[in-house]
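Take a look at the structure set out below.
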Amino acid sequence: MSGKAMKDMTKGSPMKLILGFLIPMLFGLLFQQFYSMMDTIIVGKYLGVRALASVGSTGSINFMIIGFCMGICSGFSIPVAQKFGEKNERALRRYVANSGYLAVGFAVVMTAAVCVLCRDILRLMRTPEDIIDGAYAYIFVIFLGIPVTYLYNMLSGIIRSMGDSTTPLYFLLISSVMNVALDLFTIVVLKMGVAGAAWATVISQGVSGVLCLLYMKKKFTILKMEGDEWKPDLNSMKILCGMGIPMGLQYSITAIGSVVIQTAVNTLGSVAVASVTAGSKVSMFFCCPFDAMGATMATYGGQNLGARRLDRIGRGMKDCILLGAAYSVLAFTVLYLFSDTIALLFVDRGETEILANGRRFLLTNSAMYFPLALVNIIRFMIQGLGYSKLAIVAGVSEMAARSFVGFCLVPVFGFAGACLSNPAAWIAADLFLIPAYFHVMQQLQKKMPGADAVREEAEEEAAAKNGKRKGRKALHALG
């Protein structure tokens, strides 16, 4: 494959590389959230508040299961990024092949299990009786689509791990447009209700996954298997599971706290559920830059670890944190000024209680976006460096904070208590992640004593190139 698509993040300005990788990734995430928001907007506008609450009540269980799938796939891409930075193409191909085998196995088992249990889970979450049938109709179809979730997230993760964050953007753009069209067709024309929105999401993601597969097969010559590289390898699978399972569990453990919050909100009635649904959808859209920063740090950290460039890891962290701080201020300002107007995308102006609750939810969350930025930047960097098990502890911290809010604050303060769940979780995770990052760097410096020599060699090479450029400029000026 041409070098234009694959990006080596072990050389050059960290800020420039981070922005170059992050911006296409951000647009991809925005499109992904766009078609998720379109589901909610179309459901709310065409099917009403009760249908909106039905979809919203599945948010936490959706995040717990689908988040596990996404975490697994993110973990699988880390050894690929490390081997790409190390320039070990044979090991890279072996990891890609075994990722595929593992993804198929996880997809089959998870689809069968959660489809059987999803109605019982909704009842355990105290889903209100007036929306439980709609909730089941929606989430059952989403869970049927677990195999395409694995397909897209695994393949796009591999593409990004080799520095190409642009191609998945194009495929998400196609699927976003398709998702909106299918939403309208299934809900307005076919009258399929909330299940139509779910089918639109599954089909659209399936198309983007197939496009990733066809693209990789045609363009990524580096992935062409040779000899026995395509055969199942237990050692590779062990390493992949060691990365993927902790990251998947981190998502799921974090989601347990969200399930507790959702259960507490469900007890407040369908209006409160609809308020959180609308507020969460808007907040998730504004949080896409933080997700992009996290994914960028995982690839950046993995490649530079493979290249033994520990010095670049700290520089990249500082640059990304500055970006996170600047965006946090911008996002809060926009939501403070326009949150009422944005909420009208989901409900009519007459739903005054939902609009007021949605604004309170958004402002409480956006005021604490910088702690969220730190959560994503530091956690994914740690995972990219190979310490994915620490992500589980961060997930436990988030779960504990949300559970405390759900059990102790929501029963006392009602909806106002629910608004505090995310900020509490982000702060709790940061209290663990910040010292964990410094611990990881200390451990890596002990394990890689030759890393400073690699840094010095790279600096000498850069200085030599710079000197040659200055010499050519001087000669040109004399000429």
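Every chain in the structure tokens has a letter given in the order shown (A, B, ...), and although residue numbers restart at 1 in each chain, ligands are simply numbered from 1 in the order shown.
By chain and then residue number, the residues within 10 Å of Gln205 in chain A are Gln32, Gly145, Val148, Thr149, Tyr150, Leu151, Tyr152, Asn153, Phe171, Leu172, Ile174, Ser175, Ser176, Met178, Asn179, Trp199, Ala200, Thr201, Val202, Ser208, Gly209, Val210 and Leu211 of chain A, counting only C-alpha atoms and disregarding those fewer than 3 positions away in sequence.
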field: Nearby residues (only C-alpha atoms) at most 10 Å from Ser57 in chain A, same-chain spacing under 3 positions excluded, as a list in words
entry: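 The neighbour list is Ala51, Leu52, Ala53, Ser54, Ser60, Ile61, Asn62, Leu122, Met125, Arg126, Thr127, Pro128, Ile131, Ile132, Gly134, Ala135, Tyr136, Ile139, Val259, Gln262, Thr263, Val265, Asn266, Ser270, Val273, Ala274, Val276 and Thr277 of chain A.
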Since we have the selection now, will you write its residues out, keeping N, CA, C and O atoms, as an mmCIF file, in the first residue's frame?
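Contents of the output file part-v4.cif:
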```
data_model
loop_
_atom_site.group_PDB
_atom_site.id
_atom_site.type_symbol
_atom_site.label_atom_id
_atom_site.label_comp_id
_atom_site.auth_asym_id
_atom_site.auth_seq_id
_atom_site.Cartn_x
_atom_site.Cartn_y
_atom_site.Cartn_z
ATOM 1 N N ALA A 51 -42.063 6.805 22.374
ATOM 2 C CA ALA A 51 -41.102 6.052 21.569
ATOM 3 C C ALA A 51 -39.679 6.545 21.824
ATOM 4 O O ALA A 51 -38.728 5.755 21.878
ATOM 5 N N LEU A 52 -39.524 7.857 21.992
ATOM 6 C CA LEU A 52 -38.219 8.424 22.315
ATOM 7 C C LEU A 52 -37.698 7.858 23.630
ATOM 8 O O LEU A 52 -36.524 7.486 23.754
ATOM 9 N N ALA A 53 -38.562 7.764 24.613
ATOM 10 C CA ALA A 53 -38.178 7.188 25.903
ATOM 11 C C ALA A 53 -37.846 5.703 25.765
ATOM 12 O O ALA A 53 -36.952 5.189 26.443
ATOM 13 N N SER A 54 -38.556 4.994 24.875
ATOM 14 C CA SER A 54 -38.283 3.569 24.651
ATOM 15 C C SER A 54 -36.851 3.367 24.169
ATOM 16 O O SER A 54 -36.119 2.508 24.684
ATOM 17 N N SER A 60 -28.088 2.551 28.255
ATOM 18 C CA SER A 60 -27.021 2.026 29.113
ATOM 19 C C SER A 60 -26.710 0.566 28.810
ATOM 20 O O SER A 60 -25.541 0.168 28.774
ATOM 21 N N ILE A 61 -27.753 -0.252 28.578
ATOM 22 C CA ILE A 61 -27.496 -1.660 28.261
ATOM 23 C C ILE A 61 -26.868 -1.771 26.871
ATOM 24 O O ILE A 61 -26.024 -2.638 26.611
ATOM 25 N N ASN A 62 -27.271 -0.881 25.985
ATOM 26 C CA ASN A 62 -26.655 -0.825 24.655
ATOM 27 C C ASN A 62 -25.166 -0.525 24.795
ATOM 28 O O ASN A 62 -24.313 -1.178 24.180
ATOM 29 N N LEU A 122 -34.131 -5.821 30.624
ATOM 30 C CA LEU A 122 -34.957 -4.610 30.651
ATOM 31 C C LEU A 122 -35.885 -4.600 31.867
ATOM 32 O O LEU A 122 -36.133 -3.553 32.475
ATOM 33 N N MET A 125 -34.048 -3.740 34.966
ATOM 34 C CA MET A 125 -33.725 -2.316 34.997
ATOM 35 C C MET A 125 -34.957 -1.460 35.304
ATOM 36 O O MET A 125 -34.889 -0.230 35.241
ATOM 37 N N ARG A 126 -36.071 -2.093 35.626
ATOM 38 C CA ARG A 126 -37.316 -1.395 35.962
ATOM 39 C C ARG A 126 -37.786 -0.471 34.831
ATOM 40 O O ARG A 126 -38.244 0.649 35.076
ATOM 41 N N THR A 127 -37.623 -0.930 33.615
ATOM 42 C CA THR A 127 -38.110 -0.158 32.473
ATOM 43 C C THR A 127 -39.622 0.030 32.607
ATOM 44 O O THR A 127 -40.350 -0.948 32.798
ATOM 45 N N PRO A 128 -40.134 1.261 32.525
ATOM 46 C CA PRO A 128 -41.575 1.491 32.687
ATOM 47 C C PRO A 128 -42.404 0.650 31.719
ATOM 48 O O PRO A 128 -42.022 0.450 30.561
ATOM 49 N N ILE A 131 -43.295 1.665 28.090
ATOM 50 C CA ILE A 131 -42.278 1.755 27.038
ATOM 51 C C ILE A 131 -41.464 0.472 26.875
ATOM 52 O O ILE A 131 -40.620 0.404 25.979
ATOM 53 N N ILE A 132 -41.714 -0.563 27.680
ATOM 54 C CA ILE A 132 -40.844 -1.738 27.648
ATOM 55 C C ILE A 132 -40.948 -2.498 26.328
ATOM 56 O O ILE A 132 -39.961 -3.034 25.819
ATOM 57 N N GLY A 134 -41.549 -1.248 23.330
ATOM 58 C CA GLY A 134 -40.773 -0.503 22.345
ATOM 59 C C GLY A 134 -39.279 -0.642 22.586
ATOM 60 O O GLY A 134 -38.493 -0.767 21.636
ATOM 61 N N ALA A 135 -38.877 -0.633 23.860
ATOM 62 C CA ALA A 135 -37.462 -0.791 24.195
ATOM 63 C C ALA A 135 -36.943 -2.144 23.725
ATOM 64 O O ALA A 135 -35.852 -2.252 23.152
ATOM 65 N N TYR A 136 -37.745 -3.184 23.950
ATOM 66 C CA TYR A 136 -37.337 -4.534 23.534
ATOM 67 C C TYR A 136 -37.244 -4.631 22.009
ATOM 68 O O TYR A 136 -36.292 -5.202 21.467
ATOM 69 N N ILE A 139 -33.869 -2.758 21.010
ATOM 70 C CA ILE A 139 -32.581 -3.302 21.434
ATOM 71 C C ILE A 139 -32.352 -4.708 20.922
ATOM 72 O O ILE A 139 -31.205 -5.123 20.680
ATOM 73 N N VAL A 259 -25.981 1.624 33.891
ATOM 74 C CA VAL A 259 -27.198 0.836 34.085
ATOM 75 C C VAL A 259 -27.858 1.200 35.411
ATOM 76 O O VAL A 259 -29.090 1.328 35.498
ATOM 77 N N GLN A 262 -29.446 4.525 34.850
ATOM 78 C CA GLN A 262 -30.638 4.381 34.014
ATOM 79 C C GLN A 262 -31.792 3.784 34.808
ATOM 80 O O GLN A 262 -32.948 4.206 34.674
ATOM 81 N N THR A 263 -31.488 2.800 35.654
ATOM 82 C CA THR A 263 -32.522 2.188 36.496
ATOM 83 C C THR A 263 -33.117 3.232 37.440
ATOM 84 O O THR A 263 -34.342 3.285 37.636
ATOM 85 N N VAL A 265 -33.146 6.514 36.971
ATOM 86 C CA VAL A 265 -33.906 7.470 36.165
ATOM 87 C C VAL A 265 -35.247 6.870 35.747
ATOM 88 O O VAL A 265 -36.273 7.571 35.706
ATOM 89 N N ASN A 266 -35.259 5.568 35.432
ATOM 90 C CA ASN A 266 -36.514 4.905 35.049
ATOM 91 C C ASN A 266 -37.576 5.033 36.124
ATOM 92 O O ASN A 266 -38.777 5.122 35.832
ATOM 93 N N SER A 270 -41.316 8.303 32.492
ATOM 94 C CA SER A 270 -40.910 8.386 31.093
ATOM 95 C C SER A 270 -40.471 9.793 30.690
ATOM 96 O O SER A 270 -39.666 9.958 29.775
ATOM 97 N N VAL A 273 -36.896 9.982 31.599
ATOM 98 C CA VAL A 273 -36.142 9.149 30.663
ATOM 99 C C VAL A 273 -35.945 9.884 29.342
ATOM 100 O O VAL A 273 -34.846 9.904 28.776
ATOM 101 N N ALA A 274 -37.002 10.506 28.839
ATOM 102 C CA ALA A 274 -36.909 11.252 27.584
ATOM 103 C C ALA A 274 -35.951 12.441 27.724
ATOM 104 O O ALA A 274 -35.201 12.766 26.795
ATOM 105 N N VAL A 276 -33.271 12.697 29.744
ATOM 106 C CA VAL A 276 -31.902 12.185 29.739
ATOM 107 C C VAL A 276 -31.518 11.718 28.337
ATOM 108 O O VAL A 276 -30.383 11.908 27.888
ATOM 109 N N THR A 277 -32.476 11.115 27.631
ATOM 110 C CA THR A 277 -32.207 10.648 26.267
ATOM 111 C C THR A 277 -31.804 11.813 25.373
ATOM 112 O O THR A 277 -30.775 11.763 24.679
#
```
- request: Kindly give the distance, in Å, that separates CA of Phe76 in chain A and CA of Asp319 in chain A, rounded to a single decimal.
  value: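 Computing it gives 25.9 Å between the two atoms.
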- request: May I have the residues within 8 Å of Met381 in chain A as number ranges by chain, using only C-alpha atoms and disregarding those fewer than 5 positions away in the same chain?
  value: A: 294, 297-298, 300-301, 317
message: So that I can check the surroundings of Arg93 in chain A, please list as JSON, numbers by chain every protein, DNA and RNA residue that reaches within 9 Å of it, counting only C-alpha atoms and ignoring chain neighbours fewer than 3 positions away.
response: {"A": [80, 88, 89, 90, 96, 97, 98, 222, 223, 224, 225, 226, 229, 230]}
task: Can you work out which one of A:Gly157, A:Gly395, A:Pro423, A:Gly306 has the shortest atom-to-atom distance to Met448 in chain A, counting only C-alpha atoms?
output: A:Gly306
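Between CA of Thr364 in chain A and CA of Gln383 in chain A lies a distance of 28.7 Å.
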Of the listed residues A:Thr111, A:Ala197, A:Ile377, A:Gln33, that which approaches Phe185 in chain A most closely, counting only C-alpha atoms: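 Closest residue, counting only C-alpha atoms: A:Ala197.
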Please build the interface table for range 292-392 of chain A against range 408-418 of chain A with a cut-off of 8 Å, listing for each qualifying residue the nearest atom pair and the distance in Å to one decimal; count only C-alpha atoms, order rows by chain and increasing number, and write it as a tab-separated table.
```
residue	atom	partner	partner_atom	distance
A:Asn357	CA	A:Phe415	CA	7.6
A:Arg360	CA	A:Ala416	CA	7.8
A:Phe361	CA	A:Ala416	CA	7.9
```
Output for the residues just chosen: C-alpha atoms as a compact mmCIF listing (two decimals), in the first residue's frame:
```
# COMPACT_ATOMS: atom_id res chain seq x y z
CA ASN A 357 -34.36 19.13 32.22
CA ARG A 360 -29.80 21.31 33.15
CA PHE A 361 -28.30 17.96 32.14
```
message: Ranking A:Cys118, A:Val282, A:Asn304, A:Gln250 by minimum distance to Ile72 in chain A and counting only C-alpha atoms, which one comes first?
response: A:Gln250
task: Show which residues sit within 7 Å of Ala429 in chain A, as an MDAnalysis selection string. Count only C-alpha atoms, and ignore same-chain residues fewer than 5 positions away.
output: chainID A and resid 375 394 397:398
Next, dump the selected residues to file, keeping only all heavy atoms, as an mmCIF file, in the first residue's frame.
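File again_15.cif, as written:
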```cif
data_model
loop_
_atom_site.group_PDB
_atom_site.id
_atom_site.type_symbol
_atom_site.label_atom_id
_atom_site.label_comp_id
_atom_site.auth_asym_id
_atom_site.auth_seq_id
_atom_site.Cartn_x
_atom_site.Cartn_y
_atom_site.Cartn_z
ATOM 1 N N VAL A 375 -9.683 11.824 30.960
ATOM 2 C CA VAL A 375 -10.025 10.398 31.007
ATOM 3 C C VAL A 375 -9.686 9.737 29.683
ATOM 4 O O VAL A 375 -9.026 8.687 29.638
ATOM 5 C CB VAL A 375 -11.525 10.197 31.344
ATOM 6 C CG1 VAL A 375 -11.923 8.730 31.129
ATOM 7 C CG2 VAL A 375 -11.817 10.595 32.775
ATOM 8 N N ALA A 394 -9.817 1.929 36.098
ATOM 9 C CA ALA A 394 -10.462 3.207 35.790
ATOM 10 C C ALA A 394 -11.958 3.010 35.586
ATOM 11 O O ALA A 394 -12.773 3.822 36.040
ATOM 12 C CB ALA A 394 -9.837 3.815 34.536
ATOM 13 N N SER A 397 -13.649 2.630 38.871
ATOM 14 C CA SER A 397 -13.803 3.942 39.518
ATOM 15 C C SER A 397 -15.037 4.659 38.998
ATOM 16 O O SER A 397 -15.825 5.233 39.772
ATOM 17 C CB SER A 397 -12.554 4.804 39.266
ATOM 18 O OG SER A 397 -11.391 4.180 39.770
ATOM 19 N N GLU A 398 -15.228 4.635 37.667
ATOM 20 C CA GLU A 398 -16.407 5.271 37.082
ATOM 21 C C GLU A 398 -17.688 4.572 37.541
ATOM 22 O O GLU A 398 -18.691 5.222 37.864
ATOM 23 C CB GLU A 398 -16.321 5.246 35.558
ATOM 24 C CG GLU A 398 -15.245 6.148 34.987
ATOM 25 C CD GLU A 398 -15.373 6.299 33.487
ATOM 26 O OE1 GLU A 398 -16.446 6.726 33.024
ATOM 27 O OE2 GLU A 398 -14.408 5.970 32.774
#
```
- prompt: How many Å separate CA of Gly316 in chain A from CA of Ala91 in chain A?
  reply: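 Computing it gives 26.1 Å between the two atoms.
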All alpha helix (DSSP H) positions in range 382-432 of chain A, as a count of residues only: 39
message: I'd like the neighbourhood of Leu144 in chain A as a list in words, where a residue qualifies if any of its atoms comes within 12 Å (using only C-alpha atoms), though same-chain residues fewer than 6 positions away should be ignored.
response: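 Those residues are Asn62, Ile65, Ile66, Ala107, Val108, Val109, Met110, Thr111, Ala112, Ala113, Val114, Cys115, Val116, Cys118, Ala137, Tyr138, Tyr150, Ala195, Ala198, Trp199, Thr201, Val202, Ile203 and Gly206 of chain A.
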Emit the selected residues as a compact mmCIF listing (two decimals), in the first residue's frame, including N, CA, C and O atoms.
```txt
# COMPACT_ATOMS: atom_id res chain seq x y z
N ASN A 62 -27.27 -0.88 25.98
CA ASN A 62 -26.66 -0.82 24.66
C ASN A 62 -25.17 -0.52 24.79
O ASN A 62 -24.31 -1.18 24.18
N ILE A 65 -23.12 -3.61 26.25
CA ILE A 65 -22.86 -4.73 25.35
C ILE A 65 -22.06 -4.28 24.12
O ILE A 65 -21.02 -4.86 23.79
N ILE A 66 -22.56 -3.26 23.42
CA ILE A 66 -21.86 -2.79 22.22
C ILE A 66 -20.51 -2.17 22.60
O ILE A 66 -19.53 -2.30 21.86
N ALA A 107 -18.38 -12.74 18.48
CA ALA A 107 -19.64 -12.26 17.91
C ALA A 107 -20.74 -13.32 18.01
O ALA A 107 -21.88 -13.01 18.37
N VAL A 108 -20.41 -14.55 17.70
CA VAL A 108 -21.41 -15.62 17.73
C VAL A 108 -21.93 -15.85 19.14
O VAL A 108 -23.15 -15.91 19.38
N VAL A 109 -21.02 -15.96 20.10
CA VAL A 109 -21.41 -16.24 21.48
C VAL A 109 -22.23 -15.08 22.06
O VAL A 109 -23.28 -15.28 22.69
N MET A 110 -21.76 -13.86 21.85
CA MET A 110 -22.44 -12.70 22.44
C MET A 110 -23.82 -12.48 21.83
O MET A 110 -24.79 -12.19 22.55
N THR A 111 -23.94 -12.65 20.52
CA THR A 111 -25.24 -12.44 19.88
C THR A 111 -26.28 -13.40 20.44
O THR A 111 -27.41 -13.00 20.78
N ALA A 112 -25.92 -14.67 20.53
CA ALA A 112 -26.86 -15.67 21.05
C ALA A 112 -27.25 -15.37 22.49
O ALA A 112 -28.44 -15.42 22.85
N ALA A 113 -26.28 -15.01 23.32
CA ALA A 113 -26.55 -14.81 24.74
C ALA A 113 -27.43 -13.59 25.00
O ALA A 113 -28.45 -13.68 25.70
N VAL A 114 -27.08 -12.45 24.44
CA VAL A 114 -27.80 -11.23 24.79
C VAL A 114 -29.18 -11.16 24.15
O VAL A 114 -30.10 -10.56 24.72
N CYS A 115 -29.34 -11.76 22.98
CA CYS A 115 -30.68 -11.76 22.37
C CYS A 115 -31.67 -12.56 23.21
O CYS A 115 -32.84 -12.20 23.32
N VAL A 116 -31.19 -13.64 23.81
CA VAL A 116 -32.06 -14.46 24.66
C VAL A 116 -32.42 -13.72 25.95
O VAL A 116 -33.55 -13.80 26.44
N CYS A 118 -32.26 -10.25 26.67
CA CYS A 118 -32.44 -8.80 26.70
C CYS A 118 -33.77 -8.36 27.34
O CYS A 118 -33.80 -7.35 28.04
N ALA A 137 -38.24 -4.07 21.30
CA ALA A 137 -38.23 -4.12 19.85
C ALA A 137 -36.98 -3.45 19.27
O ALA A 137 -36.41 -3.92 18.27
N TYR A 138 -36.53 -2.39 19.91
CA TYR A 138 -35.36 -1.67 19.42
C TYR A 138 -34.06 -2.41 19.75
O TYR A 138 -33.24 -2.68 18.87
N TYR A 150 -18.76 -5.95 15.25
CA TYR A 150 -17.39 -6.47 15.27
C TYR A 150 -16.70 -6.25 13.94
O TYR A 150 -15.52 -5.87 13.89
N ALA A 195 -38.32 -0.36 15.84
CA ALA A 195 -37.50 -1.43 15.26
C ALA A 195 -36.91 -0.99 13.93
O ALA A 195 -35.81 -1.40 13.55
N ALA A 198 -33.68 0.77 14.47
CA ALA A 198 -32.62 -0.18 14.80
C ALA A 198 -32.09 -0.88 13.54
O ALA A 198 -30.89 -1.03 13.35
N TRP A 199 -33.03 -1.32 12.66
CA TRP A 199 -32.60 -1.97 11.42
C TRP A 199 -31.78 -1.01 10.55
O TRP A 199 -30.81 -1.42 9.90
N THR A 201 -29.80 1.33 11.57
CA THR A 201 -28.45 1.42 12.16
C THR A 201 -27.63 0.19 11.82
O THR A 201 -26.46 0.29 11.42
N VAL A 202 -28.22 -0.99 11.98
CA VAL A 202 -27.49 -2.24 11.74
C VAL A 202 -27.08 -2.37 10.27
O VAL A 202 -25.93 -2.70 9.95
N ILE A 203 -28.01 -2.10 9.38
CA ILE A 203 -27.71 -2.24 7.95
C ILE A 203 -26.63 -1.25 7.53
O ILE A 203 -25.69 -1.59 6.79
N GLY A 206 -23.29 -2.34 8.77
CA GLY A 206 -22.85 -3.50 7.99
C GLY A 206 -22.24 -3.08 6.67
O GLY A 206 -21.21 -3.64 6.24
```
task: Find, counting only C-alpha atoms, the residue in A:Met162, A:Ala343, A:Ile42, A:Val189 that gets nearest to Met9 in chain A.
output: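 Closest to Met9 in chain A, using only C-alpha atoms: A:Met162.
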message: With distances taken over only C-alpha atoms, which residue among A:Cys241, A:Met441, A:Ala181, A:Ala278 lies nearest Gly56 in chain A?
response: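 Using only C-alpha atoms, the shortest distance to Gly56 in chain A belongs to A:Ala278.
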